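Data block below; observations after.
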Amino acid sequence: MDRLPPLSWVEIDKHALVHNIKALRSVIGPHVILAPCVKSNAYGHGLVLASRVFLEAGADWLCVDSVHEAHQLRSAGITAPIYIMGYVSLEQIPYVVSLRCKIMVNNKETIEALAHHAAHDGCIIDIHLKVETGNNRQGIRPEHIVDFARFIQTFPSLRIEGLATHFSNIEDVKRHDFAEIQRQRFDRAYELLQEAGVVIPIRHCANAAATMMYPETHYDMVRPGVACYGIWPSPLFRETYLERHFAPITLMPAFTWKTKLAQIRIVPQGETIGYGRTFTTASDMRIGVVPVGYYDGYDRHLSNKGYVLVHDTVCPVVGRVSMNIIMIDLTAVPQAALEDEVILLGKGKTQSVDIEEIARLQDRIEYELPTRVTTNPIEEVPRILV
């Protein structure tokens, strides 16, 4: 059967994605490796779709979290270097080797399995060491990094290519003293490896915020994530960045989630709307039924707080968000008709459903919103390049 027409869909603005990659390239220059993070379905923007646009726009590598993501990229014909940043189980190691991925490692069991399968396959796998500098999430403490590297060097089928770390608090504070402490720890780990005769061709630690604001963190490669999609790492970071830069780069959001009006009806004054009867009409109201809900990724916290666009007009969400339906106030849009377009998140002609504002209403971070728009295999919300 042909693919069924969707009830909602996401339009991805190719021009915006290209603009963001070129803007980040202008910051780091031509000689630093630009490796956008495309994990988690490219932050909800479509893994293969976004990856192809990024590479076309001048990105060098792609960063993923899992072997599954790497497999999807290779299956789509993408041959660019792929760096796996997340945990790879021991039973997944053969796939890392067959896909010829670069991989971040944290334990010796992974090293032994990689060496075995790479030797059997007759290839060399590039290893990136992640040094723990203060995030205490993944990585090897600096005092153990040399011993770990020497263990890797005992296997001829493995090659140490990179040294990495990750900042713990660079988006949510105005002062970045701890980020500088982490950078100094990172430099010290690199010095220890150099003193031990371990050659590290590629050093990398910069996320989107560090890429944009701290050139001393660029080293040999950067791994920007959310900025590639036109989303600021946080409202506070944007404020701090604009305060400190006379000629700042601009970011262009690429994500617009749309659906259709499923029903329009008049609800008389004094009646209630939705589960829990949390909204009472103060007058006769023109109510639109929209066929999305929290199952699709429209957060329940937006009940009686969210808004959408219909005919480029702001329409509040009224009543509770349910599993598959939300209701909106169409009173200000008398021309609205069945199956007219509804913008749930993103840009209209002159108005927008702003991702920062919607994230604030949900008490969430901007990263979560596009990634929560469902990609379930039964009724996927497709990503369409426009």
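Chain labels run A, B, ... following the order of the structure tokens; each chain numbers its residues from 1, and ligands are numbered from 1 in the order shown.
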
Contacts of Cys37 (chain A) within 8 Å, only C-alpha atoms, excl. fewer than 2 positions in-chain, as JSON, numbers by chain: {"A": [35, 39, 42, 62, 63, 64, 223, 224, 225, 226]}

What's around Glu239 (chain A) at 12 Å? Count only C-alpha atoms, leave out sequence neighbours fewer than 3 positions away in its own chain, and write the answer as a list in words. Glu171, Asp172, Val173, Lys174, Met213, Trp232, Pro233, Ser234, Pro235, Leu236, Leu242, Glu243, Arg244, His245 and Pro248 of chain A

Selected residues, N, CA and C atoms, written as a CSV table (one decimal), in the first residue's frame, please.
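See again-v4.csv below for the written result:
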chain,number,residue,atom,x,y,z
A,171,GLU,N,25.5,26.9,28.7
A,171,GLU,CA,24.3,27.6,28.2
A,171,GLU,C,23.5,28.4,29.2
A,172,ASP,N,23.6,28.0,30.5
A,172,ASP,CA,22.6,28.5,31.5
A,172,ASP,C,23.2,29.4,32.5
A,173,VAL,N,24.4,30.0,32.2
A,173,VAL,CA,25.0,30.9,33.1
A,173,VAL,C,25.6,32.0,32.3
A,174,LYS,N,25.7,33.2,32.9
A,174,LYS,CA,26.4,34.3,32.3
A,174,LYS,C,27.9,34.3,32.4
A,213,MET,N,30.6,31.1,21.0
A,213,MET,CA,31.1,32.2,21.9
A,213,MET,C,32.6,32.0,22.2
A,232,TRP,N,18.5,28.6,19.5
A,232,TRP,CA,19.5,29.1,20.4
A,232,TRP,C,19.7,28.1,21.6
A,233,PRO,N,20.9,27.8,22.1
A,233,PRO,CA,21.1,26.9,23.2
A,233,PRO,C,20.2,27.2,24.4
A,234,SER,N,19.9,28.4,24.7
A,234,SER,CA,19.0,28.8,25.8
A,234,SER,C,18.7,30.3,25.6
A,235,PRO,N,17.6,30.8,26.1
A,235,PRO,CA,17.4,32.2,26.1
A,235,PRO,C,18.5,33.1,26.8
A,236,LEU,N,19.0,32.6,27.9
A,236,LEU,CA,20.1,33.3,28.6
A,236,LEU,C,21.3,33.3,27.8
A,242,LEU,N,24.5,38.1,22.5
A,242,LEU,CA,24.2,39.3,21.9
A,242,LEU,C,24.9,40.5,22.6
A,243,GLU,N,25.0,40.4,23.9
A,243,GLU,CA,25.7,41.4,24.7
A,243,GLU,C,27.1,41.5,24.4
A,244,ARG,N,27.8,40.4,24.1
A,244,ARG,CA,29.2,40.4,23.9
A,244,ARG,C,29.7,40.5,22.5
A,245,HIS,N,28.9,40.4,21.5
A,245,HIS,CA,29.3,40.3,20.1
A,245,HIS,C,28.7,41.5,19.4
A,248,PRO,N,27.0,39.7,15.7
A,248,PRO,CA,26.7,38.3,15.9
A,248,PRO,C,26.2,37.6,14.7

Next item on the list: Using backbone DSSP assignments, extract all strand (DSSP E or B) residues from region 15-250 of chain A; output them as an NGL selection string.
Entry: :A and (33-34 or 37 or 62-64 or 82-84 or 102-105 or 125-131 or 140 or 158-164 or 202-206 or 221-222)

Keeping C-alpha atoms, export the residues of the selection given above as a PDB file, in the first residue's frame.
ATOM      1  CA  ILE A  33      36.303  20.034  11.242  1.00  0.00           C
ATOM      2  CA  LEU A  34      32.589  20.871  11.383  1.00  0.00           C
ATOM      3  CA  CYS A  37      25.136  16.502  15.828  1.00  0.00           C
ATOM      4  CA  LEU A  62      28.241  13.730  11.328  1.00  0.00           C
ATOM      5  CA  CYS A  63      27.822  12.973  15.041  1.00  0.00           C
ATOM      6  CA  VAL A  64      25.240  10.388  16.133  1.00  0.00           C
ATOM      7  CA  ILE A  82      30.300   9.201  11.277  1.00  0.00           C
ATOM      8  CA  TYR A  83      31.267   9.615  14.927  1.00  0.00           C
ATOM      9  CA  ILE A  84      29.228   7.608  17.464  1.00  0.00           C
ATOM     10  CA  LYS A 102      34.469   6.327  14.522  1.00  0.00           C
ATOM     11  CA  ILE A 103      33.569   5.669  18.131  1.00  0.00           C
ATOM     12  CA  MET A 104      33.921   7.178  21.576  1.00  0.00           C
ATOM     13  CA  VAL A 105      34.922   4.574  24.171  1.00  0.00           C
ATOM     14  CA  ILE A 125      38.830   1.508  13.695  1.00  0.00           C
ATOM     15  CA  ASP A 126      39.354   5.074  14.901  1.00  0.00           C
ATOM     16  CA  ILE A 127      38.923   5.550  18.639  1.00  0.00           C
ATOM     17  CA  HIS A 128      38.088   8.791  20.449  1.00  0.00           C
ATOM     18  CA  LEU A 129      38.878   9.036  24.149  1.00  0.00           C
ATOM     19  CA  LYS A 130      36.474  11.088  26.233  1.00  0.00           C
ATOM     20  CA  VAL A 131      38.129  12.657  29.234  1.00  0.00           C
ATOM     21  CA  ILE A 140      37.687   8.642  31.755  1.00  0.00           C
ATOM     22  CA  LEU A 158      42.679   0.200  16.683  1.00  0.00           C
ATOM     23  CA  ARG A 159      43.926   3.754  16.235  1.00  0.00           C
ATOM     24  CA  ILE A 160      43.562   6.607  18.709  1.00  0.00           C
ATOM     25  CA  GLU A 161      42.307   9.493  16.608  1.00  0.00           C
ATOM     26  CA  GLY A 162      40.635  11.898  19.010  1.00  0.00           C
ATOM     27  CA  LEU A 163      40.381  13.315  22.502  1.00  0.00           C
ATOM     28  CA  ALA A 164      37.029  14.768  23.568  1.00  0.00           C
ATOM     29  CA  ILE A 202      41.948  15.598  16.689  1.00  0.00           C
ATOM     30  CA  ARG A 203      40.856  17.392  19.860  1.00  0.00           C
ATOM     31  CA  HIS A 204      37.225  18.439  20.263  1.00  0.00           C
ATOM     32  CA  CYS A 205      34.966  19.717  23.028  1.00  0.00           C
ATOM     33  CA  ALA A 206      32.822  22.540  21.623  1.00  0.00           C
ATOM     34  CA  MET A 221      36.823  19.947  15.512  1.00  0.00           C
ATOM     35  CA  VAL A 222      33.501  21.281  16.827  1.00  0.00           C
TER      36      VAL A 222
END

Practice task
Determine the nearest neighbour of Asn169 (chain A) from the options A:Ala149, A:Ile28, A:Ala196, A:Asn135, counting only C-alpha atoms.
Solution key: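 Among A:Ala149, A:Ile28, A:Ala196, A:Asn135, it is A:Asn135 that comes nearest to Asn169 (chain A).
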
Distance query region 289-303 of chain A at most 7 Å, only C-alpha atoms, self and fewer than 4 positions along chain excluded, as a ChimeraX atom specification: /A:260-264,317-328,361-362,372-374

Based on the selection just made, write C-alpha atoms of those residues as a PDB file, in the first residue's frame.
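The resulting file, selection-v3.pdb, is reproduced below:
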ATOM      1  CA  LYS A 260      -5.436  20.549   9.544  1.00  0.00           C
ATOM      2  CA  LEU A 261      -8.670  21.670  11.133  1.00  0.00           C
ATOM      3  CA  ALA A 262     -10.802  18.584  11.732  1.00  0.00           C
ATOM      4  CA  GLN A 263     -14.035  20.269  12.828  1.00  0.00           C
ATOM      5  CA  ILE A 264     -15.465  23.737  13.487  1.00  0.00           C
ATOM      6  CA  VAL A 317      -5.620  26.365  22.997  1.00  0.00           C
ATOM      7  CA  VAL A 318      -8.727  25.948  25.162  1.00  0.00           C
ATOM      8  CA  GLY A 319      -9.360  23.034  27.474  1.00  0.00           C
ATOM      9  CA  ARG A 320      -7.037  20.162  28.200  1.00  0.00           C
ATOM     10  CA  VAL A 321      -4.747  18.660  25.607  1.00  0.00           C
ATOM     11  CA  SER A 322      -5.908  15.072  25.200  1.00  0.00           C
ATOM     12  CA  MET A 323      -4.219  12.058  23.651  1.00  0.00           C
ATOM     13  CA  ASN A 324      -5.140  12.804  20.044  1.00  0.00           C
ATOM     14  CA  ILE A 325      -7.055  16.118  20.069  1.00  0.00           C
ATOM     15  CA  ILE A 326      -6.701  19.747  21.045  1.00  0.00           C
ATOM     16  CA  MET A 327      -9.347  22.460  20.837  1.00  0.00           C
ATOM     17  CA  ILE A 328      -8.601  26.017  19.752  1.00  0.00           C
ATOM     18  CA  LEU A 361       4.960  27.543  28.757  1.00  0.00           C
ATOM     19  CA  GLN A 362       5.739  23.837  29.094  1.00  0.00           C
ATOM     20  CA  ARG A 372       8.986  15.025  20.893  1.00  0.00           C
ATOM     21  CA  VAL A 373       7.024  15.296  17.639  1.00  0.00           C
ATOM     22  CA  THR A 374       6.429  11.620  17.115  1.00  0.00           C
TER      23      THR A 374
END

With distances taken over only C-alpha atoms, the candidate from A:Thr250, A:Ser157, A:Thr211, A:Ser352 nearest Gly230 (chain A) is A:Thr250

- Shortest interatomic distance to Leu24 (chain A) - which of A:Ile78, A:Ala227, A:Ile378, A:Ile365, counting only C-alpha atoms: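 Comparing A:Ile78, A:Ala227, A:Ile378, A:Ile365 against Leu24 (chain A), the winner is A:Ala227.
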
Need to verify the contact set: Val333 (chain A), 9 Å, only C-alpha atoms, exclusion of same-chain residues closer than 6 positions in sequence. Can you return it as a list in words? Arg286, Val310, His311, Thr313 and Cys315 of chain A

### Task
Find the residues near Leu385 (chain A): any atom within 8 Å, counting only C-alpha atoms, skip ones fewer than 4 places away on the same chain, and give them as a list of chain:residue names.
A:Glu11, A:Ile12, A:Asp13, A:Lys14, A:Leu49

Can I get the selected residues back with N, CA and C atoms, as a compact mmCIF listing (two decimals), in the first residue's frame?
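Output saved as again33.txt:
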# COMPACT_ATOMS: atom_id res chain seq x y z
N GLU A 11 7.46 20.62 8.19
CA GLU A 11 8.19 21.18 7.06
C GLU A 11 9.54 21.68 7.56
N ILE A 12 10.61 21.22 6.89
CA ILE A 12 11.97 21.61 7.25
C ILE A 12 12.49 22.56 6.18
N ASP A 13 12.87 23.74 6.60
CA ASP A 13 13.32 24.80 5.69
C ASP A 13 14.78 24.55 5.32
N LYS A 14 15.01 24.10 4.10
CA LYS A 14 16.38 23.80 3.65
C LYS A 14 17.25 25.05 3.70
N LEU A 49 17.44 13.44 6.12
CA LEU A 49 17.15 14.72 5.45
C LEU A 49 18.14 15.80 5.89
